[in-house]
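> This is the structure, below, for whatever I ask next.
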Amino acid sequence: MKLKKWLAFSAAFMAIACLFKAGQPVRAASEKLSTKVIDGKKNYGIYSSLKKVKVKTGKRKKKKTKLVWKFGKKLATTKEFKLAHVQSRSYKLARGRRYYYVYVDGRGVGYVSERAFARSKMSLVKSVSLVNNALDTNGFVTTDAINYVTDKHGSVVDVNSVKRSADRISEKTPGRYVVTYRYGKASGKVTVTVRSDANEGISKADAELGKGGNVGKTWFPHELAFRGNYNAQFTPHTYVGTDKHGKKTAKLTTKFYEPNSFSLLEGSQETNVRGNVQGLDVYGQDMVTTNFYGGPESSMDGARGHMVLYQLNQVPKYALQYIPTKTLNFQLWKNYVKSIKISPYIKLGHGQSVGSTSRYIYELANWNHTKKLRSNELLQVDKRDMQVKRIWTFAVSNGKRENNRYFLNADVIDDHTMLALFHSKSKHRFEIWKITRTGNSFKVKEAAATNGDLISNSSQVQGFTYNVAHKCYYIAFNDYLFKIDAKGNLVNYYHFNAKREVEGLASYKSKIYIAMNKRAEVLDSNMAK
């Protein structure tokens, strides 16, 4: 047995030695494409190349030639890309260390020491607080508390490969539970608390019913007449909306085209950041989208994806389409990338219920195909590092816990207040609930209700927002935008006939923002009051 180990060691040693043998070309060792996590506390240079060059040493008469490692031009530093999406699939062994060739937001950049990465590290949420819900069938899935875990070389690993002391925490029994996580040398703990109030979130759906009705008929995604394409676009779109009086009173115009990808389009879902948007929100100059590998992924239980945070005053109308390519000159490309933040591969749920404030992003990470009673799961993401800091679950019930309200669309008013939309197909009405958080507890109240289904053929809601300037709600379907006043009355609606799938709706001050998919594009409008 000892002989076998010695032979294996010798073979490995000789293989490495061959890389350094004078006069031999140095090949990059290939490996599976993976996401790398930049250690934000460190700062290393990224260089255009890394190779052995001939250097003469010694005195004038006895000069010798030897091969030494030399970097090419320094292109950037890792701190400039600490919140970008970094990938690698090859490295070189030089000076006894690994130097990885990295791709940043899909574009090949250069070589950097693996010491720049967060190696054998684990990022977990700070706290998890669960509602006391004896009827919840799911409980809290403990992988939801993982932002990322890396191996000894700084590559992100599958969250399901992380050893946990518990797979789920039930919401049925109040108490404090500590979940431990371990992968290699990385370890951590998360405290999960089940709150004690069994009546939290039980209220009455007693808002006066506003006048709504059934206005039009739209199409489901599989009925799309136009899906666009993934080619770069060079002209803006303009869609004019016709209101209930037949007047053309609303206009959507292209704000900017998003990149199709922030990654190499290969490998696992985790390491792909694509322009398949599901949700959208705007606060000031911050615009956040929820992005998935593909459309169907957002409808899977426990769906994970990436959040992308843009600075609207830094987004050109067309140029961001070229981020994963080398079309842009390097300095211009770097300036764009530095203004965009990308989260790790985190739990997002369906992805449409996203809202934000000056400091945080909130996501209601619910599953859009659940058939059994579940609590709502709310994530708080810090804009500074794009990682989940806290998770809560809450329940909203009409009269008794069995009359559950599970939300697929919501908007955030501030760090303590959220408005959520519930559609009752059986009662043909929409309910809007105000959900207020104080510390870790939640109070709920029905804020408004609207009779009718708005769309007659049960097409899915594609976006929901509250407009503070106009003091009204907007509900988006494919090609339709409905304006509902504070009392639940249908004030107006707009039909755009864009024949494109809406994927997110947001408002800030007097402006409305709509995301459309395939190809990913954000449009805006100054809606009439």
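Convention: chains lettered A, B, ... in structure tokens order; per-chain residue numbering from 1; ligands numbered from 1 as shown.
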Would you give me, as a PyMOL selection string, the residues in stretch 355-460 of chain A that DSSP reads as strand (DSSP E)?

chain A and resi 355-356+360-364+376-382+387-394+397-398+409-414+417-424+429-438+441-451+454-455

> Applying 8 Å and only C-alpha atoms, which residues near A:Lys383 remain after dropping the ones on its own chain fewer than 5 positions away? List them as a list in words.

Arg359, Tyr360 and Ile361 of chain A

> Could you tell me which of A:Thr438, A:Thr289, A:Asn368, A:Ser263 comes closest to A:Ala506 if we count only C-alpha atoms?

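The closest residue to A:Ala506 is A:Thr289.
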
> Of the residues A:Ile413, A:Leu408, A:Asp136, A:Thr242, which is the one nearest to A:Leu373, using only C-alpha atoms?

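Checking each candidate against A:Leu373, we get A:Asp136 as the closest.
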
> Just want the 9 Å neighbourhood of stretch 486-493 of chain A, counted on only C-alpha atoms, with same-chain residues fewer than 2 positions away dropped. Output as a ChimeraX atom specification.

/A:207-213,215,241-245,430-432,447-451,454,471-473,480-484,495
